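A.B. asks: Next comes target_3.pdb, PDB, C-alpha atoms:
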```pdb
ATOM      1  CA  MET A 135     -52.213  46.329  28.798
ATOM      2  CA  THR A 136     -51.466  47.014  32.460
ATOM      3  CA  HIS A 137     -47.853  47.943  31.635
ATOM      4  CA  ARG A 138     -49.061  50.378  29.002
ATOM      5  CA  LEU A 139     -51.407  52.091  31.504
ATOM      6  CA  LEU A 140     -48.610  52.321  34.073
ATOM      7  CA  ALA A 141     -46.294  53.869  31.483
ATOM      8  CA  VAL A 142     -48.919  56.477  30.511
ATOM      9  CA  ALA A 143     -49.563  57.305  34.181
ATOM     10  CA  PHE A 144     -45.821  57.635  34.850
ATOM     11  CA  VAL A 145     -45.346  60.039  31.908
ATOM     12  CA  ALA A 146     -48.355  62.098  33.041
ATOM     13  CA  VAL A 147     -46.942  62.394  36.567
ATOM     14  CA  LEU A 148     -43.507  63.445  35.275
ATOM     15  CA  ALA A 149     -45.034  66.018  32.926
ATOM     16  CA  GLY A 150     -47.149  67.324  35.793
ATOM     17  CA  CYS A 151     -43.954  68.054  37.744
ATOM     18  CA  ALA A 152     -42.792  70.558  35.121
ATOM     19  CA  PRO A 153     -43.113  74.230  36.077
ATOM     20  CA  ALA A 154     -46.305  75.889  34.892
ATOM     21  CA  PRO A 155     -46.864  79.496  33.855
ATOM     22  CA  PRO A 156     -48.881  81.682  36.204
ATOM     23  CA  PRO A 157     -52.568  82.070  35.382
ATOM     24  CA  LEU A 158     -53.454  85.351  33.696
ATOM     25  CA  GLY A 159     -56.479  87.444  34.481
ATOM     26  CA  PRO A 160     -58.567  88.939  31.707
ATOM     27  CA  LEU A 161     -57.426  92.147  30.062
ATOM     28  CA  THR A 162     -59.457  95.142  31.091
ATOM     29  CA  PRO A 163     -61.875  96.222  28.355
ATOM     30  CA  GLY A 164     -60.130  98.636  26.024
ATOM     31  CA  ALA A 165     -56.631  97.755  27.304
ATOM     32  CA  ALA A 166     -54.125  99.332  24.928
ATOM     33  CA  VAL A 167     -52.231  96.050  24.464
ATOM     34  CA  GLN A 168     -55.453  94.345  23.351
ATOM     35  CA  THR A 169     -55.921  96.820  20.500
ATOM     36  CA  GLN A 170     -52.212  97.389  19.772
ATOM     37  CA  ASP A 171     -50.633  95.554  16.839
ATOM     38  CA  LEU A 172     -47.848  93.432  18.367
ATOM     39  CA  ARG A 173     -46.724  91.905  15.053
ATOM     40  CA  GLY A 174     -43.093  92.392  14.094
ATOM     41  CA  THR A 175     -39.705  91.813  15.675
ATOM     42  CA  TRP A 176     -38.908  92.175  19.362
ATOM     43  CA  ALA A 177     -35.278  91.774  20.502
ATOM     44  CA  GLY A 178     -33.558  91.599  23.863
ATOM     45  CA  THR A 179     -32.030  89.123  26.291
ATOM     46  CA  TRP A 180     -32.948  86.014  28.276
ATOM     47  CA  ALA A 181     -30.635  85.336  31.210
ATOM     48  CA  GLY A 182     -27.990  87.479  29.505
ATOM     49  CA  SER A 183     -28.217  85.648  26.148
ATOM     50  CA  PRO A 184     -29.640  87.146  22.943
ATOM     51  CA  LEU A 185     -33.386  86.680  22.486
ATOM     52  CA  THR A 186     -35.642  87.468  19.514
ATOM     53  CA  LEU A 187     -39.400  87.143  19.183
ATOM     54  CA  VAL A 188     -40.977  87.530  15.755
ATOM     55  CA  VAL A 189     -44.741  87.908  16.168
ATOM     56  CA  THR A 190     -46.280  86.584  12.954
ATOM     57  CA  SER A 191     -49.956  86.898  13.846
ATOM     58  CA  GLN A 192     -52.181  88.377  16.485
ATOM     59  CA  GLN A 193     -55.526  86.681  16.927
ATOM     60  CA  ASP A 194     -57.638  84.859  19.469
ATOM     61  CA  VAL A 195     -56.008  81.631  20.649
ATOM     62  CA  ALA A 196     -57.308  78.657  22.605
ATOM     63  CA  THR A 197     -55.992  78.803  26.155
ATOM     64  CA  SER A 198     -56.058  76.613  29.217
ATOM     65  CA  ASP A 199     -54.471  77.196  32.619
ATOM     66  CA  LEU A 200     -55.195  73.572  33.576
ATOM     67  CA  THR A 201     -53.232  70.743  31.969
ATOM     68  CA  ILE A 202     -52.812  67.027  32.477
ATOM     69  CA  GLY A 203     -49.279  66.421  31.282
ATOM     70  CA  PRO A 204     -48.976  68.220  27.937
ATOM     71  CA  TRP A 205     -52.746  68.232  27.257
ATOM     72  CA  PRO A 206     -54.833  71.336  27.996
ATOM     73  CA  VAL A 207     -58.117  70.706  29.799
ATOM     74  CA  GLY A 208     -60.990  73.139  29.457
ATOM     75  CA  GLY A 209     -59.792  76.610  28.675
ATOM     76  CA  HIS A 210     -61.291  79.360  26.602
ATOM     77  CA  ILE A 211     -60.640  81.491  23.563
ATOM     78  CA  GLY A 212     -58.781  84.702  24.333
ATOM     79  CA  PRO A 213     -56.485  87.283  22.788
ATOM     80  CA  GLY A 214     -53.053  86.056  21.831
ATOM     81  CA  ILE A 215     -50.196  85.851  19.366
ATOM     82  CA  THR A 216     -48.263  83.258  17.410
ATOM     83  CA  GLY A 217     -44.654  83.588  16.354
ATOM     84  CA  VAL A 218     -41.086  82.318  16.515
ATOM     85  CA  LEU A 219     -38.792  82.647  19.529
ATOM     86  CA  THR A 220     -35.024  82.425  18.930
ATOM     87  CA  TYR A 221     -32.529  82.074  21.790
ATOM     88  CA  ALA A 222     -29.210  80.377  22.603
ATOM     89  CA  ALA A 223     -29.366  76.849  24.062
ATOM     90  CA  ALA A 224     -26.067  75.190  24.941
ATOM     91  CA  GLY A 225     -24.320  77.915  22.945
ATOM     92  CA  GLN A 226     -26.290  77.202  19.760
ATOM     93  CA  PRO A 227     -29.172  79.206  18.284
ATOM     94  CA  MET A 228     -32.548  77.549  18.835
ATOM     95  CA  SER A 229     -35.807  78.639  17.188
ATOM     96  CA  VAL A 230     -39.204  77.389  18.340
ATOM     97  CA  ASN A 231     -42.763  78.161  17.318
ATOM     98  CA  VAL A 232     -44.630  79.828  20.171
ATOM     99  CA  THR A 233     -48.159  80.679  21.152
ATOM    100  CA  GLY A 234     -48.707  83.626  23.453
ATOM    101  CA  ARG A 235     -51.666  84.372  25.707
ATOM    102  CA  LEU A 236     -52.476  87.991  26.511
ATOM    103  CA  GLY A 237     -53.970  88.867  29.874
ATOM    104  CA  SER A 238     -53.230  90.726  33.068
ATOM    105  CA  LEU A 239     -50.783  89.904  35.832
ATOM    106  CA  ASN A 240     -50.660  91.970  39.009
ATOM    107  CA  GLY A 241     -52.856  94.590  37.344
ATOM    108  CA  ARG A 242     -50.626  95.049  34.274
ATOM    109  CA  PRO A 243     -51.013  93.736  30.712
ATOM    110  CA  ALA A 244     -48.915  90.594  30.276
ATOM    111  CA  LEU A 245     -47.959  87.960  27.720
ATOM    112  CA  VAL A 246     -47.208  84.292  28.456
ATOM    113  CA  LEU A 247     -45.215  82.557  25.705
ATOM    114  CA  GLU A 248     -45.192  78.773  25.440
ATOM    115  CA  PRO A 249     -43.299  76.838  22.748
ATOM    116  CA  ALA A 250     -45.381  74.331  20.799
ATOM    117  CA  GLY A 251     -44.903  70.818  22.136
ATOM    118  CA  GLN A 252     -42.508  71.712  24.963
ATOM    119  CA  VAL A 253     -44.013  71.205  28.395
ATOM    120  CA  GLY A 254     -42.285  73.069  31.210
ATOM    121  CA  GLN A 255     -40.823  75.907  29.171
ATOM    122  CA  PHE A 256     -42.495  79.310  29.250
ATOM    123  CA  MET A 257     -41.823  83.011  29.466
ATOM    124  CA  THR A 258     -44.007  85.469  31.379
ATOM    125  CA  LEU A 259     -43.579  89.078  30.248
ATOM    126  CA  THR A 260     -45.236  92.225  31.587
ATOM    127  CA  PHE A 261     -45.707  95.231  29.305
ATOM    128  CA  MET A 262     -43.815  98.201  30.750
ATOM    129  CA  ASP A 263     -45.044 100.364  27.861
ATOM    130  CA  ALA A 264     -46.132  99.804  24.253
ATOM    131  CA  ASN A 265     -42.594  98.901  23.133
ATOM    132  CA  ARG A 266     -41.001  97.066  26.087
ATOM    133  CA  MET A 267     -41.745  93.851  27.985
ATOM    134  CA  VAL A 268     -39.868  92.441  30.985
ATOM    135  CA  GLY A 269     -40.258  89.237  32.953
ATOM    136  CA  MET A 270     -38.878  85.757  33.517
ATOM    137  CA  GLY A 271     -38.270  82.710  31.361
ATOM    138  CA  ARG A 272     -38.294  79.181  32.791
ATOM    139  CA  SER A 273     -37.359  75.843  31.313
ATOM    140  CA  HIS A 274     -37.088  72.273  32.499
ATOM    141  CA  ALA A 275     -34.139  71.637  30.160
ATOM    142  CA  GLN A 276     -30.799  72.334  31.836
ATOM    143  CA  TRP A 277     -29.250  73.587  28.562
ATOM    144  CA  ASP A 278     -31.891  76.313  28.064
ATOM    145  CA  PRO A 279     -31.510  79.755  29.626
ATOM    146  CA  GLU A 280     -33.521  80.475  32.759
ATOM    147  CA  GLY A 281     -33.983  83.844  34.372
ATOM    148  CA  PRO A 282     -34.780  87.468  33.564
ATOM    149  CA  ALA A 283     -36.019  88.341  30.093
ATOM    150  CA  GLU A 284     -36.529  91.658  28.339
ATOM    151  CA  LEU A 285     -37.827  92.407  24.849
ATOM    152  CA  VAL A 286     -37.956  95.740  23.006
ATOM    153  CA  ARG A 287     -39.911  96.326  19.799
ATOM    154  CA  GLN A 288     -37.624  96.826  16.818
ATOM    155  CA  ALA A 289     -38.365  99.427  14.167
ATOM    156  CA  PRO A 290     -39.574  97.839  10.920
ATOM    157  CA  ARG A 291     -36.936  97.620   8.209
ATOM    158  CA  ARG A 292     -37.636  99.512   5.015
TER
END
```
Using structure tokens, write down the structure that the file contains.
C.D. replies:
Amino acid sequence: MTHRLLAVAFVAVLAGCAPAPPPLGPLTPGAAVQTQDLRGTWAGTWAGSPLTLVVTSQQDVATSDLTIGPWPVGGHIGPGITGVLTYAAAGQPMSVNVTGRLGSLNGRPALVLEPAGQVGQFMTLTFMDANRMVGMGRSHAQWDPEGPAELVRQAPRR
């Protein structure tokens, strides 16, 4: 039993060492991004590699800026998105389900994307206008890209 507790504590400490996304402030009431439909395809680059975000739904999501290892503690319900993020990892395309939290960062509307089940990987994007986001992506995995990210809304296909 003692060995099991030590193993759980060790994993929690290692997970706690992973980089964490910055906390977001609340969106100002009536913020355009809060009422804007973000669903659809966004394309761009992450650290010079192709990047695509397909936003499949926009709804309130459970959020928490405090975690113990991979488990959120506390938190609240706030505006957000769910979707699929596709990027190149070790030269191969990688797609992951993501949850995004909407909020404000340095006085601007922002989106923090976090892949489901992957602690230490996140992307913080600031809305430059209704169709363009820029920011940084971080990952604890050495084969994932890390660095500047930019996404531009793509026109819907007919």
A.B. asks: State, in Å with one decimal place, the distance from CA of Leu172 (chain A) to CA of Leu239 (chain A).
C.D. replies: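 Distance between the two atoms: 18.1 Å.
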A.B. asks: With only C-alpha atoms as the basis for distance, which of A:Gln288, A:Asn240, A:Ser273, A:Thr186 is at the shortest distance from Phe261 (chain A)?
C.D. replies: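 For Phe261 (chain A), the nearest of the given residues is A:Asn240.
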A.B. asks: Using only C-alpha atoms for the distances, tell me which of A:Ala223, A:Ala181, A:Ile215, A:Val189 is nearest to Ala275 (chain A).
C.D. replies: A:Ala223
A.B. asks: Report, in Å with one decimal, the straight-line distance from CA of Pro249 (chain A) to CA of Asp171 (chain A).
C.D. replies: 21.0 Å
A.B. asks: Report as number ranges by chain the residues that result from applying the PyMOL selection byres ((chain A and resi 283) around 10) to the structure here.
C.D. replies: A: 178-185, 257-259, 267-272, 279-282, 284-285
A.B. asks: Could you put an axis-aligned box around every listed atom of region 262-266 of chain A, padded by 8 Å on each side, and send me its centre and edge lengths in Å to one decimal, as AutoDock Vina command-line options?
C.D. replies:
```
--center_x -43.6 --center_y 98.7 --center_z 26.9 --size_x 21.1 --size_y 19.3 --size_z 23.6
```
